[in-house]
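Source file: protein.txt (compact mmCIF, C-alpha atoms)
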# COMPACT_ATOMS: atom_id res chain seq x y z
CA MET A 5 18.70 77.27 -92.37
CA ASP A 6 21.17 78.57 -94.93
CA GLU A 7 23.61 79.39 -92.17
CA ASN A 8 23.37 75.85 -90.93
CA LYS A 9 24.13 74.61 -94.40
CA GLU A 10 27.17 76.83 -94.60
CA VAL A 11 28.49 75.60 -91.28
CA LEU A 12 27.96 72.03 -92.40
CA MET A 13 29.80 72.72 -95.65
CA GLU A 14 32.68 74.31 -93.77
CA GLU A 15 32.91 71.33 -91.47
CA LYS A 16 32.88 69.02 -94.43
CA ILE A 17 35.73 70.96 -96.08
CA LYS A 18 37.70 70.97 -92.82
CA LYS A 19 37.23 67.24 -92.52
CA GLU A 20 38.38 66.74 -96.10
CA ILE A 21 41.47 68.87 -95.45
CA LYS A 22 42.27 66.88 -92.33
CA GLU A 23 41.86 63.64 -94.28
CA MET A 24 44.09 64.98 -97.01
CA ASP A 25 46.73 65.98 -94.48
CA VAL A 26 46.73 62.45 -93.15
CA ILE A 27 47.03 61.01 -96.66
CA ILE A 28 49.89 63.39 -97.50
CA SER A 29 51.81 62.65 -94.34
CA LYS A 30 51.32 58.92 -94.88
CA ALA A 31 52.48 59.18 -98.50
CA LEU A 32 55.59 61.09 -97.44
CA ASN A 33 56.26 58.63 -94.68
CA ILE A 34 56.08 55.80 -97.20
CA GLY A 35 58.50 57.76 -99.43
CA VAL A 36 61.02 58.08 -96.61
CA ILE A 37 60.72 54.42 -95.60
CA THR A 38 61.02 53.29 -99.25
CA SER A 39 64.17 55.35 -99.76
CA ALA A 40 65.68 53.87 -96.60
CA LEU A 41 64.87 50.34 -97.85
CA ILE A 42 66.39 51.01 -101.28
CA ILE A 43 69.59 52.38 -99.69
CA PHE A 44 69.74 49.37 -97.38
CA ILE A 45 69.25 46.87 -100.23
CA GLY A 46 71.91 48.63 -102.32
CA PHE A 47 74.30 48.42 -99.43
CA MET A 48 73.64 44.73 -98.85
CA PHE A 49 74.31 44.14 -102.57
CA LEU A 50 77.58 46.02 -102.24
CA ILE A 51 78.70 44.00 -99.24
CA ILE A 52 77.61 40.61 -100.61
CA THR A 53 78.92 41.00 -104.18
CA ASN A 54 81.84 43.22 -103.17
CA LYS A 55 81.39 45.05 -106.49
CA SER A 56 80.19 48.62 -106.84
CA GLY A 57 79.30 48.25 -110.53
CA TYR A 58 81.66 51.11 -111.45
CA PRO A 59 85.43 51.62 -111.83
CA LYS A 60 87.17 52.15 -108.50
CA GLY A 61 86.54 55.56 -106.98
CA THR A 62 83.77 56.52 -109.41
CA TYR A 63 79.96 56.57 -109.24
CA PRO A 64 77.18 58.04 -111.34
CA ILE A 65 76.28 61.67 -110.64
CA SER A 66 73.38 62.44 -112.96
CA PRO A 67 69.85 61.18 -112.22
CA ILE A 68 69.63 59.45 -115.62
CA GLU A 69 72.89 57.52 -115.07
CA ILE A 70 71.77 56.67 -111.54
CA PHE A 71 68.44 55.21 -112.66
CA LYS A 72 70.06 53.35 -115.58
CA GLY A 73 72.56 51.81 -113.18
CA ALA A 74 69.89 51.00 -110.61
CA PHE A 75 67.87 49.08 -113.21
CA MET A 76 71.01 47.12 -114.00
CA LEU A 77 71.23 46.39 -110.25
CA LYS A 78 74.58 48.11 -109.79
CA PRO A 79 75.00 48.54 -106.00
CA TYR A 80 76.31 52.13 -106.09
CA ALA A 81 73.48 53.19 -108.39
CA ILE A 82 70.86 51.52 -106.16
CA ILE A 83 72.15 53.39 -103.10
CA LEU A 84 72.18 56.65 -105.05
CA ALA A 85 68.65 56.04 -106.34
CA GLY A 86 67.49 55.71 -102.73
CA LEU A 87 69.37 58.89 -101.80
CA LEU A 88 67.81 60.68 -104.74
CA LEU A 89 64.35 59.65 -103.58
CA LEU A 90 65.19 60.94 -100.09
CA ILE A 91 66.44 64.25 -101.50
CA ILE A 92 63.20 64.67 -103.43
CA THR A 93 60.88 64.19 -100.40
CA PRO A 94 61.12 67.80 -99.11
CA VAL A 95 60.53 69.12 -102.63
CA PHE A 96 57.53 66.84 -102.97
CA ARG A 97 56.29 68.10 -99.61
CA VAL A 98 56.38 71.69 -100.86
CA ALA A 99 54.61 70.74 -104.09
CA VAL A 100 51.85 69.00 -102.17
CA SER A 101 51.48 72.01 -99.83
CA ILE A 102 50.60 74.17 -102.85
CA ILE A 103 47.60 71.93 -103.50
CA THR A 104 46.65 71.85 -99.82
CA TYR A 105 46.69 75.65 -99.46
CA PHE A 106 44.76 76.04 -102.69
CA ARG A 107 42.09 73.64 -101.44
CA GLU A 108 41.91 75.59 -98.20
CA LYS A 109 41.29 78.69 -100.38
CA ASP A 110 44.34 80.22 -98.72
CA TYR A 111 45.56 82.05 -101.80
CA MET A 112 48.26 84.10 -100.06
CA TYR A 113 50.02 80.92 -98.98
CA THR A 114 49.32 79.20 -102.27
CA ILE A 115 51.41 81.96 -103.90
CA ILE A 116 54.12 81.91 -101.19
CA THR A 117 54.49 78.14 -101.57
CA ILE A 118 54.56 78.39 -105.39
CA ILE A 119 57.44 80.91 -105.08
CA VAL A 120 59.35 78.49 -102.83
CA PHE A 121 58.72 75.68 -105.29
CA ILE A 122 59.94 77.77 -108.25
CA ILE A 123 63.16 78.67 -106.37
CA LEU A 124 63.72 74.97 -105.63
CA MET A 125 63.26 74.14 -109.31
CA ILE A 126 65.70 76.89 -110.29
CA SER A 127 68.29 75.46 -107.92
CA PHE A 128 67.95 72.00 -109.47
CA PHE A 129 68.26 73.54 -112.92
CA LEU A 130 71.36 75.52 -111.91
CA GLY A 131 72.94 72.35 -110.57
CA LYS A 132 72.48 70.69 -113.94
CA VAL A 133 74.03 73.57 -115.88
CA GLU A 134 77.15 73.61 -113.70
CA MET B 25 84.65 48.52 -95.36
CA VAL B 26 81.82 46.96 -93.34
CA LEU B 27 83.39 48.13 -90.10
CA THR B 28 83.70 51.70 -91.38
CA SER B 29 80.07 51.58 -92.53
CA ILE B 30 78.93 50.49 -89.07
CA GLU B 31 80.97 53.31 -87.58
CA ILE B 32 79.36 55.82 -89.95
CA LEU B 33 75.94 54.34 -89.19
CA SER B 34 76.46 54.72 -85.43
CA PHE B 35 77.47 58.35 -85.29
CA SER B 36 74.89 59.20 -87.93
CA PHE B 37 72.30 57.71 -85.57
CA VAL B 38 73.50 60.09 -82.86
CA GLY B 39 73.47 62.92 -85.40
CA GLY B 40 69.89 62.18 -86.37
CA LEU B 41 68.84 61.88 -82.75
CA LEU B 42 70.36 65.20 -81.65
CA GLY B 43 69.50 66.90 -84.92
CA SER B 44 65.81 66.08 -84.64
CA LEU B 45 65.73 67.13 -80.98
CA LEU B 46 67.27 70.52 -81.66
CA GLY B 47 66.10 71.28 -85.18
CA ILE B 48 69.67 71.57 -86.42
CA GLY B 49 69.99 68.58 -88.74
CA GLY B 50 72.54 65.81 -88.39
CA GLY B 51 75.32 67.70 -90.17
CA ILE B 52 76.71 69.20 -87.04
CA ILE B 53 77.73 65.72 -85.84
CA VAL B 54 78.20 64.04 -89.22
CA ILE B 55 80.70 66.50 -90.76
CA PRO B 56 83.16 66.57 -87.83
CA ALA B 57 82.84 62.81 -87.30
CA LEU B 58 83.57 62.01 -90.94
CA THR B 59 86.47 64.43 -91.27
CA LEU B 60 88.02 64.20 -87.80
CA LEU B 61 87.42 60.55 -86.90
CA LEU B 62 87.61 58.93 -90.32
CA GLY B 63 89.76 61.45 -92.18
CA ILE B 64 87.30 61.68 -95.07
CA ASP B 65 87.67 64.62 -97.48
CA ILE B 66 85.47 67.54 -96.40
CA LYS B 67 83.93 67.49 -99.89
CA TYR B 68 82.36 64.06 -99.33
CA ALA B 69 81.57 64.95 -95.72
CA ILE B 70 79.58 67.95 -96.92
CA GLY B 71 77.76 65.83 -99.50
CA ALA B 72 76.89 63.25 -96.84
CA SER B 73 75.87 66.01 -94.47
CA ILE B 74 73.41 67.50 -96.96
CA VAL B 75 71.85 64.05 -97.18
CA SER B 76 71.82 63.76 -93.38
CA VAL B 77 70.04 67.10 -93.03
CA ILE B 78 67.31 65.98 -95.40
CA ALA B 79 67.06 62.64 -93.61
CA THR B 80 66.72 64.33 -90.21
CA SER B 81 64.12 66.71 -91.53
CA SER B 82 62.04 64.12 -93.35
CA GLY B 83 62.39 61.56 -90.58
CA ALA B 84 61.06 63.99 -87.98
CA ALA B 85 58.66 66.13 -90.04
CA VAL B 86 55.78 63.66 -90.05
CA ALA B 87 55.31 63.68 -86.29
CA TYR B 88 56.08 67.37 -85.73
CA VAL B 89 53.69 68.52 -88.45
CA ARG B 90 50.96 66.14 -87.29
CA ASP B 91 51.18 67.47 -83.72
CA ASN B 92 51.15 71.09 -84.97
CA ILE B 93 54.47 71.92 -83.34
CA THR B 94 55.84 72.86 -86.75
CA ASN B 95 54.42 76.21 -87.87
CA LEU B 96 54.00 75.54 -91.59
CA ARG B 97 53.10 79.13 -92.50
CA ILE B 98 56.24 80.49 -90.87
CA ALA B 99 58.26 77.73 -92.50
CA MET B 100 56.95 78.46 -96.00
CA PHE B 101 57.26 82.24 -95.66
CA LEU B 102 60.85 82.08 -94.39
CA GLU B 103 61.70 79.38 -96.90
CA ILE B 104 61.66 81.99 -99.70
CA ALA B 105 64.69 83.67 -98.07
CA THR B 106 66.44 80.45 -97.13
CA THR B 107 66.27 78.71 -100.51
CA THR B 108 67.52 81.84 -102.30
CA GLY B 109 70.42 81.98 -99.82
CA ALA B 110 71.18 78.28 -100.28
CA ILE B 111 71.68 78.70 -104.02
CA THR B 112 74.06 81.61 -103.38
CA GLY B 113 76.04 79.55 -100.86
CA ALA B 114 76.36 76.45 -103.02
CA TYR B 115 77.98 78.52 -105.77
CA ILE B 116 80.41 80.28 -103.45
CA ALA B 117 81.45 76.92 -101.94
CA GLY B 118 83.45 75.86 -105.02
CA LEU B 119 85.60 78.98 -104.65
CA ILE B 120 86.66 78.48 -101.03
CA SER B 121 89.36 76.02 -99.84
CA ALA B 122 88.76 73.28 -97.25
CA LYS B 123 91.03 75.08 -94.78
CA TYR B 124 88.79 78.11 -94.69
CA LEU B 125 85.72 75.91 -94.44
CA TYR B 126 87.17 74.37 -91.26
CA ILE B 127 87.81 77.79 -89.75
CA ILE B 128 84.41 79.19 -90.70
CA PHE B 129 82.73 76.04 -89.46
CA GLY B 130 84.69 76.07 -86.20
CA ILE B 131 83.80 79.68 -85.43
CA LEU B 132 80.21 78.97 -86.37
CA LEU B 133 80.00 76.10 -83.87
CA LEU B 134 81.66 78.06 -81.10
CA TYR B 135 79.26 80.93 -81.59
CA SER B 136 76.33 78.50 -81.47
CA ALA B 137 77.57 77.00 -78.22
CA MET B 138 77.77 80.41 -76.57
CA ALA B 139 74.34 81.44 -77.80
CA MET B 140 72.89 78.21 -76.41
CA LEU B 141 74.58 78.71 -73.07
CA LYS B 142 72.94 82.10 -72.66
CA LYS B 143 69.48 80.64 -73.16
CA ARG B 144 69.75 77.66 -70.84
CA HIS B 145 67.02 78.75 -68.37
CA GLU B 146 64.30 80.03 -70.68
CA GLU B 147 61.04 78.07 -70.79
CA LEU B 148 58.54 80.18 -72.78
CA PRO B 149 58.99 83.66 -74.36
CA GLN B 150 57.45 86.50 -72.30
CA ASN B 151 55.80 89.85 -73.24
CA VAL B 152 55.97 89.36 -76.99
CA VAL B 153 54.58 92.22 -79.11
CA SER B 154 53.11 91.04 -82.40
CA HIS B 155 54.75 92.35 -85.55
CA PRO B 156 52.12 93.90 -87.89
CA ALA B 157 53.26 91.64 -90.72
CA ALA B 158 52.74 88.61 -88.48
CA LYS B 159 49.02 89.40 -88.34
CA LYS B 160 48.80 90.02 -92.09
CA LEU B 161 50.60 86.77 -92.86
CA ARG B 162 48.61 84.92 -90.18
CA LEU B 163 51.78 83.51 -88.66
CA GLU B 164 50.53 83.29 -85.07
CA SER B 165 49.30 79.93 -83.82
CA SER B 166 49.26 77.52 -80.89
CA TYR B 167 50.47 74.03 -80.05
CA PHE B 168 49.98 71.48 -77.30
CA ASP B 169 53.03 71.17 -75.08
CA LYS B 170 53.25 67.59 -73.79
CA ALA B 171 55.88 68.40 -71.17
CA MET B 172 53.84 71.27 -69.69
CA ASN B 173 50.57 69.48 -70.44
CA LYS B 174 48.82 72.58 -71.79
CA GLU B 175 47.96 74.44 -74.98
CA VAL B 176 50.52 77.18 -75.66
CA LYS B 177 49.33 80.19 -77.70
CA TYR B 178 52.13 82.30 -79.09
CA LYS B 179 52.72 85.64 -80.84
CA VAL B 180 55.28 86.41 -83.52
CA ALA B 181 57.68 89.38 -83.45
CA GLY B 182 60.54 90.52 -85.74
CA VAL B 183 59.18 89.23 -89.03
CA TYR B 184 61.49 91.32 -91.26
CA SER B 185 64.69 90.78 -89.26
CA GLY B 186 63.84 87.07 -89.10
CA PHE B 187 63.38 86.99 -92.86
CA SER B 188 66.77 88.68 -93.47
CA THR B 189 68.62 86.36 -91.11
CA MET B 190 67.09 83.42 -92.95
CA TYR B 191 68.79 84.48 -96.16
CA ILE B 192 72.16 84.39 -94.38
CA ALA B 193 71.22 81.04 -92.84
CA GLY B 194 70.54 79.78 -96.36
CA VAL B 195 73.94 80.97 -97.63
CA ILE B 196 75.68 79.15 -94.76
CA SER B 197 73.67 76.03 -95.49
CA GLY B 198 74.73 76.02 -99.13
CA LEU B 199 78.32 76.87 -98.21
CA LEU B 200 79.01 74.30 -95.51
CA GLY B 201 76.49 71.59 -96.22
CA ILE B 202 74.94 72.00 -92.80
CA GLY B 203 71.30 72.89 -92.42
CA SER B 204 72.37 75.99 -90.52
CA GLY B 205 69.53 75.07 -88.22
CA ILE B 206 71.22 76.79 -85.31
CA PHE B 207 70.95 80.11 -87.14
CA LYS B 208 67.35 79.34 -88.02
CA VAL B 209 66.43 78.34 -84.49
CA MET B 210 68.24 81.36 -83.06
CA SER B 211 66.57 83.88 -85.33
CA MET B 212 63.13 82.35 -84.71
CA ASP B 213 63.88 82.27 -81.01
CA LEU B 214 65.68 85.60 -80.49
CA LEU B 215 64.16 87.77 -83.23
CA MET B 216 60.72 86.28 -83.84
CA LYS B 217 60.33 85.17 -80.22
CA LEU B 218 58.67 81.81 -80.84
CA PRO B 219 58.49 79.09 -78.19
CA MET B 220 61.64 76.95 -78.31
CA LYS B 221 59.86 73.79 -79.45
CA VAL B 222 58.11 75.63 -82.27
CA SER B 223 61.47 77.11 -83.33
CA THR B 224 63.24 73.76 -83.39
CA ALA B 225 60.40 71.87 -85.09
CA THR B 226 59.89 74.62 -87.69
CA SER B 227 63.63 74.81 -88.28
CA ASN B 228 63.66 71.06 -88.59
CA PHE B 229 61.07 71.26 -91.35
CA MET B 230 62.87 74.09 -93.14
CA ILE B 231 66.38 72.66 -93.14
CA GLY B 232 65.22 69.74 -95.28
CA VAL B 233 63.76 72.01 -97.94
CA THR B 234 66.80 74.30 -97.89
CA ALA B 235 69.20 71.37 -98.10
CA ALA B 236 67.22 69.93 -101.01
CA ALA B 237 67.79 73.23 -102.82
CA SER B 238 71.54 72.70 -102.74
CA ALA B 239 71.56 68.87 -102.76
CA GLY B 240 71.03 68.83 -106.53
CA VAL B 241 74.14 70.93 -107.06
CA TYR B 242 76.24 68.72 -104.77
CA LEU B 243 74.98 65.50 -106.34
CA MET B 244 75.94 66.67 -109.85
CA ARG B 245 79.37 67.72 -108.60
CA GLY B 246 79.98 64.22 -107.26
CA TYR B 247 80.02 65.20 -103.57
CA VAL B 248 77.44 62.53 -102.71
CA ASN B 249 79.56 59.38 -102.38
CA PRO B 250 77.19 56.38 -102.05
CA GLU B 251 79.52 54.47 -99.76
CA ILE B 252 79.54 57.36 -97.28
CA ALA B 253 76.17 59.06 -97.79
CA GLY B 254 74.30 55.71 -97.82
CA PRO B 255 75.06 54.62 -94.25
CA VAL B 256 74.75 58.25 -93.12
CA ALA B 257 71.18 58.42 -94.45
CA LEU B 258 70.18 55.14 -92.79
CA GLY B 259 71.72 56.01 -89.42
CA VAL B 260 70.25 59.50 -89.38
CA LEU B 261 66.75 58.30 -90.32
CA LEU B 262 66.75 55.82 -87.44
CA GLY B 263 68.10 58.42 -85.02
CA ALA B 264 65.56 61.05 -86.08
CA THR B 265 62.69 58.61 -85.64
CA LEU B 266 63.72 58.03 -82.05
CA GLY B 267 64.51 61.71 -81.46
CA THR B 268 61.01 62.78 -82.47
CA ARG B 269 59.51 60.41 -79.96
CA ILE B 270 61.47 61.76 -77.01
CA MET B 271 61.67 65.47 -77.97
CA GLN B 272 58.12 66.36 -76.97
CA LYS B 273 58.43 64.88 -73.50
CA MET B 274 61.93 66.18 -72.85
CA LYS B 275 62.84 69.52 -71.30
CA ASN B 276 64.68 71.87 -73.63
CA THR B 277 67.04 72.87 -70.85
CA THR B 278 68.15 69.26 -70.40
CA ILE B 279 68.81 68.79 -74.11
CA ARG B 280 70.83 71.99 -74.19
CA MET B 281 73.03 71.03 -71.29
CA ILE B 282 73.91 67.73 -72.96
CA PHE B 283 74.64 69.41 -76.25
CA ILE B 284 76.69 72.50 -75.31
CA PRO B 285 79.91 70.68 -74.31
CA VAL B 286 79.79 68.48 -77.43
CA LEU B 287 79.36 71.55 -79.60
CA ALA B 288 82.19 73.44 -77.92
CA TYR B 289 84.54 70.44 -78.16
CA VAL B 290 83.90 69.85 -81.85
CA SER B 291 84.23 73.54 -82.71
CA ILE B 292 87.66 73.75 -81.10
CA GLU B 293 88.74 70.58 -82.93
CA MET B 294 87.68 72.07 -86.24
CA LEU B 295 89.42 75.37 -85.53
CA ILE B 296 92.67 73.58 -84.68
CA LYS B 297 92.47 71.62 -87.93
CA GLY B 298 91.73 74.75 -89.96
CA LEU B 299 94.40 76.93 -88.35
CA GLY B 300 97.03 74.17 -88.04
CA ALA B 301 97.94 72.35 -91.26

If you took the structure in this file and wrote it as structure tokens, what would it be?
Amino acid sequence: MDENKEVLMEEKIKKEIKEMDVIISKALNIGVITSALIIFIGFMFLIITNKSGYPKGTYPISPIEIFKGAFMLKPYAIILAGLLLLIITPVFRVAVSIITYFREKDYMYTIITIIVFIILMISFFLGKVE
Amino acid sequence: MVLTSIEILSFSFVGGLLGSLLGIGGGIIVIPALTLLLGIDIKYAIGASIVSVIATSSGAAVAYVRDNITNLRIAMFLEIATTTGAITGAYIAGLISAKYLYIIFGILLLYSAMAMLKKRHEELPQNVVSHPAAKKLRLESSYFDKAMNKEVKYKVAGVYSGFSTMYIAGVISGLLGIGSGIFKVMSMDLLMKLPMKVSTATSNFMIGVTAAASAGVYLMRGYVNPEIAGPVALGVLLGATLGTRIMQKMKNTTIRMIFIPVLAYVSIEMLIKGLGA
């Protein structure tokens, strides 16, 4: 009887994990499609207005400047905001995997994935310092 | 400007298509096309290429992960080595001139072409002995091969040598802005002895994460030019979406035979440019 219960519980957890995988992959897919749309819109703006929103040959390079510019609908900043979103998707994927492994009670891979995530964060931080 | 953008979009599409098929990212097509065809500074080409690698990876990851062709455990474990290497590479890149980058990149491509040529007949790895660490890390798995129409169970060898090679692959990725997927695929294929499709799909997943590790650095340095990287991202995403659909049904040998001459041609072009001027 108890064994049956355990098997049922395990199946329930497996089903939940599967569902979560589907949700994660859908969310990431939406992220990728959204970034593509933002880049496309920014590009259309650039072609139609023929203005980049910045002095010739320059564009924003820090995330804050990029988002500021994007809110002001500057074409270059919109494109860069989309690119930034695209760049973040793999990082987001790693972050989400930490939660997935933890839910699967796979602690070895929870730790491995946390290490990868920390290294990614360090690399972003180093880029800022430069 | 519009015409140039369409041009960039077109070859980026091809880059995304081939990149997602082979797990090597779009950079291998995008960098030479931008520098050789359009004469764009290698700095911006590298920035655009980093973006293209992420686009290839993210565009293809959904399907490959869903169908279990990507081995996520192997990807995450090796990713520790690759991301560390990528940071190293991105910092060395500022110290090396474009001329040397051309030469290094040219040799790299030529080497890849030869390695691919050697492997043109192999279908599935034979007589693989499991590495003890592979068992401990639970790296071994299986996937359904749509071309062979059967479930393929596979073992994993050379865990430590694979891990070390991944660090070098990461350095190259940070240095040249390519996903260094060829190195990743080769070490998974030759050292860890994974089935080819698992190697390419796992590499495909990894290159995005590795590239993201150095993308921040390149963005802050101003290497990511929106007018170049924008159309590259769009073209590559479209190409990768199509590539994922046909990869599973296509024979690896066929893909290789299409790709080897392209690779050899581009590598020689790059070497000439690096050694010439």

Up to 9 Å from chain A, what residues of chain B turn up? Count only C-alpha atoms and give them as a PyMOL selection string.
chain B and resi 25-26+74-75+78-79+81-83+85-87+89-90+97+100-101+103-105+107-108+110-111+161+229-230+232-251+253-255+257-258+261

Take atom CA of Lys159 of chain B and atom CA of Ile102 of chain A and report the distance between them in Å, one decimal.
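Distance reported for this atom pair: 21.1 Å.
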
Could you state the separation of atom CA of Gly130 of chain B and atom CA of Ile270 of chain B in Å, given to one decimal place?
28.8 Å

What separation in Å, quoted to one decimal, exists between atom CA of Thr28 of chain B and atom CA of Ile68 of chain A?
29.1 Å

Could you give me, as a PyMOL selection string, the residues within 10 Å of Val153 of chain B, counting all atoms listed in the file and dropping anything in the same chain fewer than 6 positions from it?
chain B and resi 179-182+216-217

For Ile131 of chain B, find every residue with an atom within 10 Å (counting all atoms listed in the file), except residues of its own chain fewer than 2 positions away, and show them as a list in words.
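In the requested format, the answer is Leu125, Tyr126, Ile127, Ile128, Phe129, Leu133, Leu134, Tyr135, Ser136, Ala137, Ala288, Ser291, Ile292, Met294 and Leu295 of chain B.
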
Would you please work out which residue, of B:Thr112, B:Asn92, B:Ser154, B:Ser76, is nearest to Phe35 of chain B when using only C-alpha atoms?
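For Phe35 of chain B, the nearest of the candidates is B:Ser76.
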
Because the input lacks atoms here, generate N, CA and C atoms for segment 68-85 of chain B and report them as a PDB file, in the coordinates of the input.
ATOM      1  N   TYR B  68      83.305  65.168 -99.484  1.00  0.00           N
ATOM      2  CA  TYR B  68      82.360  64.060 -99.330  1.00  0.00           C
ATOM      3  C   TYR B  68      81.570  64.181 -98.028  1.00  0.00           C
ATOM      4  N   ALA B  69      82.245  64.751 -97.014  1.00  0.00           N
ATOM      5  CA  ALA B  69      81.570  64.950 -95.720  1.00  0.00           C
ATOM      6  C   ALA B  69      80.413  65.930 -95.894  1.00  0.00           C
ATOM      7  N   ILE B  70      80.633  66.960 -96.685  1.00  0.00           N
ATOM      8  CA  ILE B  70      79.580  67.950 -96.920  1.00  0.00           C
ATOM      9  C   ILE B  70      78.428  67.316 -97.712  1.00  0.00           C
ATOM     10  N   GLY B  71      78.783  66.524 -98.720  1.00  0.00           N
ATOM     11  CA  GLY B  71      77.760  65.830 -99.500  1.00  0.00           C
ATOM     12  C   GLY B  71      76.913  64.917 -98.632  1.00  0.00           C
ATOM     13  N   ALA B  72      77.596  64.157 -97.743  1.00  0.00           N
ATOM     14  CA  ALA B  72      76.890  63.250 -96.840  1.00  0.00           C
ATOM     15  C   ALA B  72      76.049  64.030 -95.843  1.00  0.00           C
ATOM     16  N   SER B  73      76.578  65.188 -95.447  1.00  0.00           N
ATOM     17  CA  SER B  73      75.870  66.010 -94.470  1.00  0.00           C
ATOM     18  C   SER B  73      74.572  66.576 -95.039  1.00  0.00           C
ATOM     19  N   ILE B  74      74.628  67.002 -96.290  1.00  0.00           N
ATOM     20  CA  ILE B  74      73.410  67.500 -96.960  1.00  0.00           C
ATOM     21  C   ILE B  74      72.341  66.417 -96.912  1.00  0.00           C
ATOM     22  N   VAL B  75      72.773  65.185 -97.218  1.00  0.00           N
ATOM     23  CA  VAL B  75      71.850  64.050 -97.180  1.00  0.00           C
ATOM     24  C   VAL B  75      71.329  63.845 -95.753  1.00  0.00           C
ATOM     25  N   SER B  76      72.219  63.988 -94.774  1.00  0.00           N
ATOM     26  CA  SER B  76      71.820  63.760 -93.380  1.00  0.00           C
ATOM     27  C   SER B  76      70.818  64.812 -92.911  1.00  0.00           C
ATOM     28  N   VAL B  77      70.980  66.038 -93.400  1.00  0.00           N
ATOM     29  CA  VAL B  77      70.040  67.100 -93.030  1.00  0.00           C
ATOM     30  C   VAL B  77      68.646  66.776 -93.563  1.00  0.00           C
ATOM     31  N   ILE B  78      68.598  66.333 -94.810  1.00  0.00           N
ATOM     32  CA  ILE B  78      67.310  65.980 -95.400  1.00  0.00           C
ATOM     33  C   ILE B  78      66.700  64.785 -94.666  1.00  0.00           C
ATOM     34  N   ALA B  79      67.548  63.819 -94.325  1.00  0.00           N
ATOM     35  CA  ALA B  79      67.060  62.640 -93.610  1.00  0.00           C
ATOM     36  C   ALA B  79      66.508  63.009 -92.237  1.00  0.00           C
ATOM     37  N   THR B  80      67.209  63.880 -91.523  1.00  0.00           N
ATOM     38  CA  THR B  80      66.720  64.330 -90.210  1.00  0.00           C
ATOM     39  C   THR B  80      65.376  65.011 -90.359  1.00  0.00           C
ATOM     40  N   SER B  81      65.330  65.933 -91.315  1.00  0.00           N
ATOM     41  CA  SER B  81      64.120  66.710 -91.530  1.00  0.00           C
ATOM     42  C   SER B  81      62.935  65.834 -91.907  1.00  0.00           C
ATOM     43  N   SER B  82      63.136  64.970 -92.893  1.00  0.00           N
ATOM     44  CA  SER B  82      62.040  64.120 -93.350  1.00  0.00           C
ATOM     45  C   SER B  82      61.660  63.068 -92.318  1.00  0.00           C
ATOM     46  N   GLY B  83      62.661  62.575 -91.603  1.00  0.00           N
ATOM     47  CA  GLY B  83      62.390  61.560 -90.580  1.00  0.00           C
ATOM     48  C   GLY B  83      61.560  62.110 -89.433  1.00  0.00           C
ATOM     49  N   ALA B  84      61.744  63.396 -89.130  1.00  0.00           N
ATOM     50  CA  ALA B  84      61.060  63.990 -87.980  1.00  0.00           C
ATOM     51  C   ALA B  84      59.810  64.776 -88.372  1.00  0.00           C
ATOM     52  N   ALA B  85      59.734  65.221 -89.618  1.00  0.00           N
ATOM     53  CA  ALA B  85      58.660  66.130 -90.040  1.00  0.00           C
ATOM     54  C   ALA B  85      57.265  65.542 -89.831  1.00  0.00           C
TER      55      ALA B  85
END
